>>> print(open('work-v1.pdb').read())   # PDB, C-alpha atoms, pLDDT in the B column
ATOM      1  CA  MET A 255      21.958-145.208 -35.379  1.00 60.00           C
ATOM      2  CA  VAL A 256      24.611-142.544 -34.765  1.00 69.00           C
ATOM      3  CA  GLN A 257      27.723-144.040 -33.176  1.00 82.00           C
ATOM      4  CA  PRO A 258      29.099-142.110 -30.171  1.00 89.00           C
ATOM      5  CA  LYS A 259      32.719-141.207 -29.505  1.00 93.00           C
ATOM      6  CA  THR A 260      34.275-140.164 -26.186  1.00 96.00           C
ATOM      7  CA  LEU A 261      36.640-137.222 -26.544  1.00 97.00           C
ATOM      8  CA  ARG A 262      38.823-136.085 -23.667  1.00 98.00           C
ATOM      9  CA  VAL A 263      39.411-132.358 -23.249  1.00 98.00           C
ATOM     10  CA  LEU A 264      42.482-131.245 -21.296  1.00 98.00           C
ATOM     11  CA  PHE A 265      42.141-127.640 -20.188  1.00 97.00           C
ATOM     12  CA  GLU A 266      43.339-124.911 -17.824  1.00 97.00           C
ATOM     13  CA  LYS A 267      41.153-122.989 -15.377  1.00 96.00           C
ATOM     14  CA  THR A 268      43.044-120.172 -13.698  1.00 96.00           C
ATOM     15  CA  GLY A 269      42.741-116.590 -12.512  1.00 95.00           C
ATOM     16  CA  LYS A 270      39.237-115.415 -11.610  1.00 94.00           C
ATOM     17  CA  LEU A 271      37.765-118.759 -12.689  1.00 95.00           C
ATOM     18  CA  GLN A 272      39.117-120.351  -9.510  1.00 95.00           C
ATOM     19  CA  TYR A 273      36.084-118.812  -7.802  1.00 95.00           C
ATOM     20  CA  ILE A 274      33.357-120.401  -9.948  1.00 93.00           C
ATOM     21  CA  SER A 275      31.506-123.467  -8.694  1.00 94.00           C
ATOM     22  CA  HIS A 276      31.522-126.850 -10.395  1.00 94.00           C
ATOM     23  CA  LEU A 277      27.940-126.214 -11.545  1.00 94.00           C
ATOM     24  CA  ASP A 278      29.013-122.905 -13.091  1.00 95.00           C
ATOM     25  CA  LEU A 279      31.860-124.704 -14.859  1.00 95.00           C
ATOM     26  CA  LEU A 280      29.419-127.242 -16.278  1.00 95.00           C
ATOM     27  CA  ARG A 281      27.125-124.477 -17.539  1.00 95.00           C
ATOM     28  CA  THR A 282      30.074-122.618 -19.053  1.00 95.00           C
ATOM     29  CA  MET A 283      31.198-125.707 -20.963  1.00 96.00           C
ATOM     30  CA  GLN A 284      27.658-126.497 -22.136  1.00 96.00           C
ATOM     31  CA  THR A 285      27.297-122.973 -23.521  1.00 96.00           C
ATOM     32  CA  ALA A 286      30.713-123.103 -25.192  1.00 96.00           C
ATOM     33  CA  LEU A 287      29.971-126.495 -26.795  1.00 96.00           C
ATOM     34  CA  ARG A 288      26.705-125.181 -28.210  1.00 95.00           C
ATOM     35  CA  ARG A 289      28.388-122.080 -29.620  1.00 95.00           C
ATOM     36  CA  ALA A 290      31.166-124.235 -31.070  1.00 95.00           C
ATOM     37  CA  LYS A 291      28.460-126.354 -32.754  1.00 95.00           C
ATOM     38  CA  VAL A 292      29.946-129.603 -31.451  1.00 95.00           C
ATOM     39  CA  LYS A 293      27.631-132.505 -32.305  1.00 95.00           C
ATOM     40  CA  MET A 294      27.026-133.808 -28.803  1.00 94.00           C
ATOM     41  CA  MET A 295      25.219-136.933 -27.645  1.00 93.00           C
ATOM     42  CA  TYR A 296      22.361-136.316 -25.209  1.00 92.00           C
ATOM     43  CA  SER A 297      20.756-138.335 -22.453  1.00 88.00           C
ATOM     44  CA  GLU A 298      17.250-139.680 -22.962  1.00 85.00           C
ATOM     45  CA  GLY A 299      14.109-138.732 -21.071  1.00 79.00           C
ATOM     46  CA  PHE A 300      12.018-135.607 -20.560  1.00 82.00           C
ATOM     47  CA  ASN A 301      15.002-133.373 -19.830  1.00 85.00           C
ATOM     48  CA  PRO A 302      17.881-134.474 -22.096  1.00 87.00           C
ATOM     49  CA  HIS A 303      21.302-133.051 -21.311  1.00 90.00           C
ATOM     50  CA  MET A 304      24.743-133.211 -22.888  1.00 94.00           C
ATOM     51  CA  LYS A 305      26.831-136.207 -21.916  1.00 95.00           C
ATOM     52  CA  ILE A 306      29.699-134.504 -20.088  1.00 96.00           C
ATOM     53  CA  ASN A 307      31.874-135.828 -17.277  1.00 96.00           C
ATOM     54  CA  PHE A 308      34.609-134.055 -15.299  1.00 97.00           C
ATOM     55  CA  ALA A 309      37.540-135.575 -13.416  1.00 96.00           C
ATOM     56  CA  LEU A 310      38.329-134.491  -9.841  1.00 94.00           C
ATOM     57  CA  PRO A 311      36.118-131.390  -9.511  1.00 92.00           C
ATOM     58  CA  LEU A 312      38.049-128.551  -7.873  1.00 94.00           C
ATOM     59  CA  SER A 313      37.158-126.793  -4.665  1.00 94.00           C
ATOM     60  CA  ILE A 314      36.515-123.068  -5.033  1.00 95.00           C
ATOM     61  CA  GLY A 315      39.783-121.183  -4.645  1.00 96.00           C
ATOM     62  CA  ILE A 316      42.008-123.668  -6.494  1.00 97.00           C
ATOM     63  CA  GLU A 317      43.429-122.969  -9.945  1.00 97.00           C
ATOM     64  CA  SER A 318      44.506-125.700 -12.334  1.00 97.00           C
ATOM     65  CA  VAL A 319      46.572-126.230 -15.458  1.00 97.00           C
ATOM     66  CA  TYR A 320      45.583-129.894 -15.673  1.00 97.00           C
ATOM     67  CA  GLU A 321      41.803-130.370 -15.819  1.00 97.00           C
ATOM     68  CA  PHE A 322      39.874-133.054 -17.691  1.00 97.00           C
ATOM     69  CA  MET A 323      36.438-133.202 -19.248  1.00 97.00           C
ATOM     70  CA  ASP A 324      35.071-136.138 -21.243  1.00 98.00           C
ATOM     71  CA  ILE A 325      32.393-135.379 -23.829  1.00 97.00           C
ATOM     72  CA  LYS A 326      30.387-137.930 -25.763  1.00 96.00           C
ATOM     73  CA  THR A 327      29.982-136.834 -29.378  1.00 95.00           C
ATOM     74  CA  GLU A 328      28.805-138.221 -32.668  1.00 91.00           C
ATOM     75  CA  GLY A 329      31.406-140.480 -34.237  1.00 87.00           C
ATOM     76  CA  SER A 330      32.095-138.084 -37.106  1.00 90.00           C
ATOM     77  CA  VAL A 331      33.337-135.323 -34.794  1.00 93.00           C
ATOM     78  CA  ARG A 332      37.086-134.647 -35.103  1.00 94.00           C
ATOM     79  CA  ALA A 333      39.193-133.906 -32.025  1.00 96.00           C
ATOM     80  CA  GLU A 334      41.116-131.216 -33.915  1.00 96.00           C
ATOM     81  CA  ASP A 335      37.908-129.349 -34.749  1.00 95.00           C
ATOM     82  CA  VAL A 336      36.692-129.489 -31.146  1.00 96.00           C
ATOM     83  CA  LYS A 337      39.997-128.100 -29.894  1.00 96.00           C
ATOM     84  CA  GLU A 338      39.898-125.186 -32.316  1.00 94.00           C
ATOM     85  CA  ASN A 339      36.213-124.290 -32.128  1.00 95.00           C
ATOM     86  CA  LEU A 340      35.700-124.853 -28.414  1.00 95.00           C
ATOM     87  CA  GLY A 341      38.744-122.788 -27.553  1.00 93.00           C
ATOM     88  CA  LYS A 342      37.299-119.789 -29.385  1.00 93.00           C
ATOM     89  CA  ASN A 343      34.172-119.839 -27.226  1.00 95.00           C
ATOM     90  CA  LEU A 344      35.629-120.055 -23.744  1.00 94.00           C
ATOM     91  CA  PRO A 345      36.070-117.147 -21.303  1.00 92.00           C
ATOM     92  CA  ASP A 346      39.397-115.569 -20.423  1.00 90.00           C
ATOM     93  CA  ASP A 347      41.445-117.635 -17.934  1.00 93.00           C
ATOM     94  CA  MET A 348      40.254-120.889 -19.529  1.00 95.00           C
ATOM     95  CA  LYS A 349      42.362-122.532 -22.218  1.00 96.00           C
ATOM     96  CA  ILE A 350      42.101-125.793 -24.164  1.00 97.00           C
ATOM     97  CA  ILE A 351      45.416-127.647 -24.080  1.00 97.00           C
ATOM     98  CA  ASP A 352      44.500-130.784 -26.026  1.00 97.00           C
ATOM     99  CA  VAL A 353      41.577-132.900 -27.255  1.00 97.00           C
ATOM    100  CA  TYR A 354      41.896-136.604 -28.058  1.00 97.00           C
ATOM    101  CA  GLU A 355      39.988-139.883 -27.883  1.00 95.00           C
ATOM    102  CA  ALA A 356      39.869-141.191 -24.329  1.00 95.00           C
ATOM    103  CA  GLU A 357      41.602-144.511 -23.681  1.00 93.00           C
ATOM    104  CA  SER A 358      41.469-144.538 -19.868  1.00 96.00           C
ATOM    105  CA  LYS A 359      38.872-143.918 -17.177  1.00 96.00           C
ATOM    106  CA  PHE A 360      38.763-141.123 -14.628  1.00 97.00           C
ATOM    107  CA  THR A 361      38.561-143.798 -11.942  1.00 96.00           C
ATOM    108  CA  ASP A 362      42.143-144.728 -12.963  1.00 97.00           C
ATOM    109  CA  ILE A 363      43.417-141.495 -11.418  1.00 97.00           C
ATOM    110  CA  LYS A 364      45.250-142.284  -8.176  1.00 98.00           C
ATOM    111  CA  TYR A 365      47.107-139.070  -7.346  1.00 98.00           C
ATOM    112  CA  ALA A 366      46.958-135.332  -8.046  1.00 98.00           C
ATOM    113  CA  ALA A 367      49.831-132.844  -7.854  1.00 98.00           C
ATOM    114  CA  TYR A 368      49.629-129.320  -6.448  1.00 98.00           C
ATOM    115  CA  THR A 369      51.909-126.329  -6.001  1.00 98.00           C
ATOM    116  CA  MET A 370      50.979-123.970  -3.166  1.00 98.00           C
ATOM    117  CA  TYR A 371      52.380-120.508  -2.516  1.00 98.00           C
ATOM    118  CA  LEU A 372      51.607-119.491   1.080  1.00 98.00           C
ATOM    119  CA  ASP A 373      52.513-115.974   2.170  1.00 98.00           C
ATOM    120  CA  TYR A 374      52.836-115.538   5.938  1.00 98.00           C
ATOM    121  CA  GLY A 375      54.705-112.264   5.683  1.00 97.00           C
ATOM    122  CA  GLU A 376      57.756-112.150   7.940  1.00 96.00           C
ATOM    123  CA  GLU A 377      56.814-115.606   9.258  1.00 97.00           C
ATOM    124  CA  SER A 378      57.003-117.309   5.844  1.00 98.00           C
ATOM    125  CA  GLU A 379      60.462-118.795   6.345  1.00 97.00           C
ATOM    126  CA  ARG A 380      59.423-120.185   9.735  1.00 98.00           C
ATOM    127  CA  ALA A 381      56.253-121.537   8.146  1.00 98.00           C
ATOM    128  CA  ALA A 382      58.341-123.410   5.577  1.00 98.00           C
ATOM    129  CA  GLU A 383      60.393-125.048   8.343  1.00 97.00           C
ATOM    130  CA  ILE A 384      57.195-126.037  10.145  1.00 98.00           C
ATOM    131  CA  GLY A 385      55.789-127.498   6.913  1.00 97.00           C
ATOM    132  CA  LYS A 386      58.883-129.653   6.412  1.00 97.00           C
ATOM    133  CA  ARG A 387      58.283-131.146   9.840  1.00 97.00           C
ATOM    134  CA  ILE A 388      54.518-131.638  10.006  1.00 97.00           C
ATOM    135  CA  PHE A 389      53.957-132.933   6.464  1.00 97.00           C
ATOM    136  CA  ASN A 390      56.527-135.701   6.891  1.00 94.00           C
ATOM    137  CA  ASN A 391      55.173-136.952  10.226  1.00 95.00           C
ATOM    138  CA  PRO A 392      51.782-138.172  11.479  1.00 96.00           C
ATOM    139  CA  LEU A 393      49.328-135.329  10.912  1.00 95.00           C
ATOM    140  CA  VAL A 394      45.876-135.667  12.466  1.00 94.00           C
ATOM    141  CA  VAL A 395      43.119-133.395  11.124  1.00 93.00           C
ATOM    142  CA  THR A 396      39.335-133.395  11.290  1.00 89.00           C
ATOM    143  CA  LYS A 397      38.348-134.672   7.863  1.00 83.00           C
ATOM    144  CA  LYS A 398      34.881-134.706   6.348  1.00 77.00           C
ATOM    145  CA  THR A 399      33.785-138.187   5.267  1.00 73.00           C
ATOM    146  CA  LYS A 400      30.579-139.684   3.906  1.00 72.00           C
ATOM    147  CA  LYS A 401      29.658-140.592   7.481  1.00 76.00           C
ATOM    148  CA  GLY A 402      30.449-137.174   8.929  1.00 80.00           C
ATOM    149  CA  GLU A 403      33.553-135.624  10.479  1.00 85.00           C
ATOM    150  CA  LYS A 404      36.350-137.833  11.729  1.00 88.00           C
ATOM    151  CA  ASP A 405      39.847-137.287  13.123  1.00 92.00           C
ATOM    152  CA  ILE A 406      42.275-138.965  10.760  1.00 92.00           C
ATOM    153  CA  ASP A 407      46.019-139.080  10.122  1.00 95.00           C
ATOM    154  CA  ILE A 408      46.392-137.710   6.588  1.00 95.00           C
ATOM    155  CA  GLN A 409      50.144-138.301   6.321  1.00 95.00           C
ATOM    156  CA  PRO A 410      49.665-141.692   4.561  1.00 95.00           C
ATOM    157  CA  MET A 411      47.558-139.836   1.966  1.00 96.00           C
ATOM    158  CA  ILE A 412      50.473-137.530   1.133  1.00 97.00           C
ATOM    159  CA  HIS A 413      52.241-139.436  -1.647  1.00 97.00           C
ATOM    160  CA  GLY A 414      55.065-136.944  -1.857  1.00 97.00           C
ATOM    161  CA  VAL A 415      55.848-133.476  -0.521  1.00 97.00           C
ATOM    162  CA  ASP A 416      58.598-130.882  -0.749  1.00 98.00           C
ATOM    163  CA  VAL A 417      58.545-127.651   1.258  1.00 98.00           C
ATOM    164  CA  SER A 418      60.890-124.715   0.746  1.00 98.00           C
ATOM    165  CA  PHE A 419      61.142-120.975   1.299  1.00 98.00           C
ATOM    166  CA  GLU A 420      61.022-119.255  -2.081  1.00 95.00           C
ATOM    167  CA  TYR A 421      59.622-116.030  -3.550  1.00 93.00           C
ATOM    168  CA  GLY A 422      59.074-114.805   0.003  1.00 95.00           C
ATOM    169  CA  CYS A 423      56.566-117.621   0.591  1.00 97.00           C
ATOM    170  CA  ALA A 424      56.339-121.087   2.031  1.00 98.00           C
ATOM    171  CA  LEU A 425      56.326-123.086  -1.210  1.00 98.00           C
ATOM    172  CA  VAL A 426      54.682-126.500  -0.948  1.00 98.00           C
ATOM    173  CA  LYS A 427      54.843-128.980  -3.837  1.00 98.00           C
ATOM    174  CA  CYS A 428      52.892-132.123  -3.098  1.00 98.00           C
ATOM    175  CA  VAL A 429      51.283-135.201  -4.634  1.00 98.00           C
ATOM    176  CA  LEU A 430      48.127-136.260  -2.811  1.00 98.00           C
ATOM    177  CA  CYS A 431      45.803-139.253  -2.992  1.00 97.00           C
ATOM    178  CA  ALA A 432      42.972-138.546  -5.421  1.00 97.00           C
ATOM    179  CA  ASP A 433      40.974-141.767  -5.723  1.00 93.00           C
ATOM    180  CA  SER A 434      37.383-141.900  -4.485  1.00 86.00           C
ATOM    181  CA  GLU A 435      38.284-143.720  -1.257  1.00 85.00           C
ATOM    182  CA  ASN A 436      41.278-141.603  -0.225  1.00 88.00           C
ATOM    183  CA  TYR A 437      40.819-138.191  -1.824  1.00 93.00           C
ATOM    184  CA  LEU A 438      42.787-135.533   0.043  1.00 95.00           C
ATOM    185  CA  ASN A 439      41.882-131.897  -0.541  1.00 96.00           C
ATOM    186  CA  PRO A 440      45.029-129.694  -0.472  1.00 97.00           C
ATOM    187  CA  PHE A 441      43.231-127.279   1.848  1.00 96.00           C
ATOM    188  CA  TYR A 442      43.754-129.807   4.650  1.00 96.00           C
ATOM    189  CA  LEU A 443      47.485-129.143   4.307  1.00 97.00           C
ATOM    190  CA  THR A 444      47.123-125.368   4.220  1.00 97.00           C
ATOM    191  CA  GLY A 445      44.753-125.504   7.203  1.00 96.00           C
ATOM    192  CA  ALA A 446      47.179-127.651   9.198  1.00 97.00           C
ATOM    193  CA  LEU A 447      50.044-125.261   8.441  1.00 97.00           C
ATOM    194  CA  ASP A 448      47.939-122.220   9.362  1.00 97.00           C
ATOM    195  CA  LYS A 449      47.183-123.853  12.706  1.00 96.00           C
ATOM    196  CA  GLU A 450      50.831-124.582  13.468  1.00 97.00           C
ATOM    197  CA  VAL A 451      52.008-121.117  12.400  1.00 97.00           C
ATOM    198  CA  GLY A 452      49.313-119.509  14.534  1.00 97.00           C
ATOM    199  CA  PHE A 453      47.381-117.575  11.880  1.00 97.00           C
ATOM    200  CA  GLU A 454      46.086-117.921   8.322  1.00 97.00           C
ATOM    201  CA  ALA A 455      48.369-117.080   5.413  1.00 97.00           C
ATOM    202  CA  HIS A 456      47.914-113.482   4.263  1.00 97.00           C
ATOM    203  CA  HIS A 457      47.760-114.663   0.668  1.00 96.00           C
ATOM    204  CA  ARG A 458      47.740-118.099  -0.907  1.00 96.00           C
ATOM    205  CA  LYS A 459      47.763-119.541  -4.392  1.00 97.00           C
ATOM    206  CA  VAL A 460      46.907-123.227  -4.840  1.00 98.00           C
ATOM    207  CA  LEU A 461      47.485-124.684  -8.290  1.00 98.00           C
ATOM    208  CA  ARG A 462      46.791-128.220  -9.505  1.00 98.00           C
ATOM    209  CA  THR A 463      49.600-129.227 -11.851  1.00 98.00           C
ATOM    210  CA  GLY A 464      48.998-132.882 -12.720  1.00 98.00           C
ATOM    211  CA  ALA A 465      47.181-136.180 -12.247  1.00 98.00           C
ATOM    212  CA  TYR A 466      48.722-139.650 -12.104  1.00 98.00           C
ATOM    213  CA  PHE A 467      47.993-143.332 -12.471  1.00 98.00           C
ATOM    214  CA  ALA A 468      48.812-145.727  -9.612  1.00 97.00           C
ATOM    215  CA  ASP A 469      52.246-146.394 -11.203  1.00 97.00           C
ATOM    216  CA  ASP A 470      53.027-142.634 -11.029  1.00 96.00           C
ATOM    217  CA  LYS A 471      52.758-142.176 -14.788  1.00 97.00           C
ATOM    218  CA  LEU A 472      51.064-138.974 -15.919  1.00 97.00           C
ATOM    219  CA  PHE A 473      47.351-139.507 -16.495  1.00 97.00           C
ATOM    220  CA  LYS A 474      45.980-138.659 -19.901  1.00 94.00           C
TER     221      LYS A 474
END
>>> encode(input="work-v1.pdb", output="C-alpha cells")
Amino acid sequence: MVQPKTLRVLFEKTGKLQYISHLDLLRTMQTALRRAKVKMMYSEGFNPHMKINFALPLSIGIESVYEFMDIKTEGSVRAEDVKENLGKNLPDDMKIIDVYEAESKFTDIKYAAYTMYLDYGEESERAAEIGKRIFNNPLVVTKKTKKGEKDIDIQPMIHGVDVSFEYGCALVKCVLCADSENYLNPFYLTGALDKEVGFEAHHRKVLRTGAYFADDKLFK
C-alpha cells in the first residue's frame, strides 16, 4: 500500500486573483497539480477527488501573501519538486513561497493579520482618526452567524490594531480572531469605518499578511 504524506504549500494570491471564488481557487490548484504531475492521493468512491485542504478561505476582494494549502501525496514525493514544478504551472499573481511537511493543523490557527489601505479622498485623514477611536472601543455590528444575523460587539475579536494616515489613505494594520468560533472578516472593520465616515471608501486594498498560533507565534 502506498504511504501518504501531507505537504503544506505556502503561497501568495494577489492582483486580479483576489476576485476568484474559493471554488475557482480549488479548480486552479487541481489543474496545476495535474500539470505538475504531482503524485496525489485521491478519495475513494464513485467520484474520487484530490485530497486538498485550504486554511481560512478568503472572501472575494481580499489579496494575500500568506495562504496555506495542504495536499496529501504519495510518500515518495519531495517537497522541493512540488515547489518547483507547481510554481511553473500557476497563473500570474499566484506564487509558491514554500512547500514542506505539515507538522501542525489548520485548526491551530487563532489569529490572522491584515493590512488595509482605505482611500476616502480628502476625508482620509479624518477617517484615520475615526478608526483610531472606534476600533479601540466597543464596536457593535450586525454579524452573520450560523444561526442568522446578530448584533455583536466585535472589539473583543480585534486582537490588535493600529490606524494611521499614510500614503494619502487611512492605513489599518490589524490582527483579528480567525478560529472557527470567533472568525472576524476584515470587511466588518471597513464597513464600520465607512458608516462612521459617512460614505464608502473610493478605493480599498485589503491584504492578508500572516496567521498565528494562540501564543502569537507565526503559524507554519
>>> closest_atom_pairs(input="work-v1.pdb", of="segment 340-432 of chain A", to="segment 310-325 of chain A", cutoff="10 Å", atoms="all atoms listed in the file", output="JSON lines")
{"residue": "A:Asp347", "atom": "CA", "partner": "A:Glu317", "partner_atom": "CA", "distance": 9.8}
{"residue": "A:Met348", "atom": "CA", "partner": "A:Val319", "partner_atom": "CA", "distance": 9.2}
{"residue": "A:Lys349", "atom": "CA", "partner": "A:Val319", "partner_atom": "CA", "distance": 8.8}
{"residue": "A:Ile350", "atom": "CA", "partner": "A:Glu321", "partner_atom": "CA", "distance": 9.5}
{"residue": "A:Ile351", "atom": "CA", "partner": "A:Tyr320", "partner_atom": "CA", "distance": 8.7}
{"residue": "A:Asp352", "atom": "CA", "partner": "A:Phe322", "partner_atom": "CA", "distance": 9.8}
{"residue": "A:Val353", "atom": "CA", "partner": "A:Asp324", "partner_atom": "CA", "distance": 9.4}
{"residue": "A:Tyr354", "atom": "CA", "partner": "A:Asp324", "partner_atom": "CA", "distance": 9.7}
{"residue": "A:Glu355", "atom": "CA", "partner": "A:Asp324", "partner_atom": "CA", "distance": 9.1}
{"residue": "A:Ala356", "atom": "CA", "partner": "A:Asp324", "partner_atom": "CA", "distance": 7.6}
{"residue": "A:Lys359", "atom": "CA", "partner": "A:Asp324", "partner_atom": "CA", "distance": 9.6}
{"residue": "A:Phe360", "atom": "CA", "partner": "A:Leu310", "partner_atom": "CA", "distance": 8.2}
{"residue": "A:Thr361", "atom": "CA", "partner": "A:Leu310", "partner_atom": "CA", "distance": 9.5}
{"residue": "A:Ile363", "atom": "CA", "partner": "A:Leu310", "partner_atom": "CA", "distance": 8.8}
{"residue": "A:Ala366", "atom": "CA", "partner": "A:Leu310", "partner_atom": "CA", "distance": 8.9}
{"residue": "A:Ala367", "atom": "CA", "partner": "A:Tyr320", "partner_atom": "CA", "distance": 9.4}
{"residue": "A:Tyr368", "atom": "CA", "partner": "A:Ser318", "partner_atom": "CA", "distance": 8.6}
{"residue": "A:Thr369", "atom": "CA", "partner": "A:Ser318", "partner_atom": "CA", "distance": 9.8}
{"residue": "A:Met370", "atom": "CA", "partner": "A:Ile316", "partner_atom": "CA", "distance": 9.6}
{"residue": "A:Ala432", "atom": "CA", "partner": "A:Leu310", "partner_atom": "CA", "distance": 7.6}
>>> atom_distance(input="work-v1.pdb", atom1="atom CA of Cys431 of chain A", atom2="atom CA of Lys386 of chain A")
18.8 Å
>>> closest_atom_pairs(input="work-v1.pdb", of="segment 333-390 of chain A", to="segment 267-287 of chain A", cutoff="9 Å", atoms="all atoms listed in the file", output="JSON lines")
{"residue": "A:Val336", "atom": "CA", "partner": "A:Leu287", "partner_atom": "CA", "distance": 8.5}
{"residue": "A:Asn339", "atom": "CA", "partner": "A:Leu287", "partner_atom": "CA", "distance": 8.5}
{"residue": "A:Leu340", "atom": "CA", "partner": "A:Leu287", "partner_atom": "CA", "distance": 6.2}
{"residue": "A:Gly341", "atom": "CA", "partner": "A:Ala286", "partner_atom": "CA", "distance": 8.4}
{"residue": "A:Lys342", "atom": "CA", "partner": "A:Ala286", "partner_atom": "CA", "distance": 8.5}
{"residue": "A:Asn343", "atom": "CA", "partner": "A:Ala286", "partner_atom": "CA", "distance": 5.2}
{"residue": "A:Leu344", "atom": "CA", "partner": "A:Ala286", "partner_atom": "CA", "distance": 6.0}
{"residue": "A:Pro345", "atom": "CA", "partner": "A:Thr282", "partner_atom": "CA", "distance": 8.4}
{"residue": "A:Asp346", "atom": "CA", "partner": "A:Leu271", "partner_atom": "CA", "distance": 8.5}
{"residue": "A:Asp347", "atom": "CA", "partner": "A:Thr268", "partner_atom": "CA", "distance": 5.2}
{"residue": "A:Met348", "atom": "CA", "partner": "A:Lys267", "partner_atom": "CA", "distance": 4.7}
{"residue": "A:Lys349", "atom": "CA", "partner": "A:Lys267", "partner_atom": "CA", "distance": 7.0}
>>> atom_distance(input="work-v1.pdb", atom1="atom CA of Ala465 of chain A", atom2="atom CA of Thr444 of chain A")
19.7 Å
>>> axis_aligned_box(input="work-v1.pdb", around="segment 322-325 of chain A", padding_each_side="8 Å", output="lines of an AutoDock Vina configuration file")
center_x = 36.1
center_y = -134.6
center_z = -20.8
size_x = 23.5
size_y = 19.1
size_z = 22.1
>>> closest_residue(input="work-v1.pdb", among="A:Glu403, A:Asp448, A:Asp469, A:Asp362", to="Tyr374 of chain A", atoms="all atoms listed in the file")
A:Asp448
>>> residues_around(input="work-v1.pdb", residues="segment 418-422 of chain A", least_positions_apart="4", cutoff="9 Å", atoms="all atoms listed in the file", output="ChimeraX atom specification")
/A:371-376,378-383,385-386,426-427
>>> write_last_selection(input="work-v1.pdb", atoms="C-alpha atoms", output="PDB file, in the frame of the given file")
ATOM      1  CA  TYR A 371      52.380-120.508  -2.516  1.00 98.00           C
ATOM      2  CA  LEU A 372      51.607-119.491   1.080  1.00 98.00           C
ATOM      3  CA  ASP A 373      52.513-115.974   2.170  1.00 98.00           C
ATOM      4  CA  TYR A 374      52.836-115.538   5.938  1.00 98.00           C
ATOM      5  CA  GLY A 375      54.705-112.264   5.683  1.00 97.00           C
ATOM      6  CA  GLU A 376      57.756-112.150   7.940  1.00 96.00           C
ATOM      7  CA  SER A 378      57.003-117.309   5.844  1.00 98.00           C
ATOM      8  CA  GLU A 379      60.462-118.795   6.345  1.00 97.00           C
ATOM      9  CA  ARG A 380      59.423-120.185   9.735  1.00 98.00           C
ATOM     10  CA  ALA A 381      56.253-121.537   8.146  1.00 98.00           C
ATOM     11  CA  ALA A 382      58.341-123.410   5.577  1.00 98.00           C
ATOM     12  CA  GLU A 383      60.393-125.048   8.343  1.00 97.00           C
ATOM     13  CA  GLY A 385      55.789-127.498   6.913  1.00 97.00           C
ATOM     14  CA  LYS A 386      58.883-129.653   6.412  1.00 97.00           C
ATOM     15  CA  VAL A 426      54.682-126.500  -0.948  1.00 98.00           C
ATOM     16  CA  LYS A 427      54.843-128.980  -3.837  1.00 98.00           C
TER      17      LYS A 427
END
>>> residues_around(input="work-v1.pdb", residues="Val394 of chain A", least_positions_apart="5", cutoff="7 Å", atoms="all atoms listed in the file", output="list of chain:residue names")
A:Asp405, A:Ile406, A:Asp407, A:Ile408
>>> closest_residue(input="work-v1.pdb", among="A:Val451, A:Arg332, A:Lys400, A:Cys423", to="Ile388 of chain A", atoms="only C-alpha atoms")
A:Val451
>>> closest_atom_pairs(input="work-v1.pdb", of="segment 308-413 of chain A", to="segment 293-303 of chain A", cutoff="7 Å", atoms="all atoms listed in the file", output="CSV")
residue,atom,partner,partner_atom,distance
A:Lys326,CA,A:Met295,CA,5.6
A:Thr327,CA,A:Met294,CA,4.3
A:Glu328,CA,A:Lys293,CA,5.8
A:Val331,CA,A:Lys293,CA,6.8
>>> atom_distance(input="work-v1.pdb", atom1="atom CA of Gly464 of chain A", atom2="atom CA of Ala309 of chain A")
11.8 Å
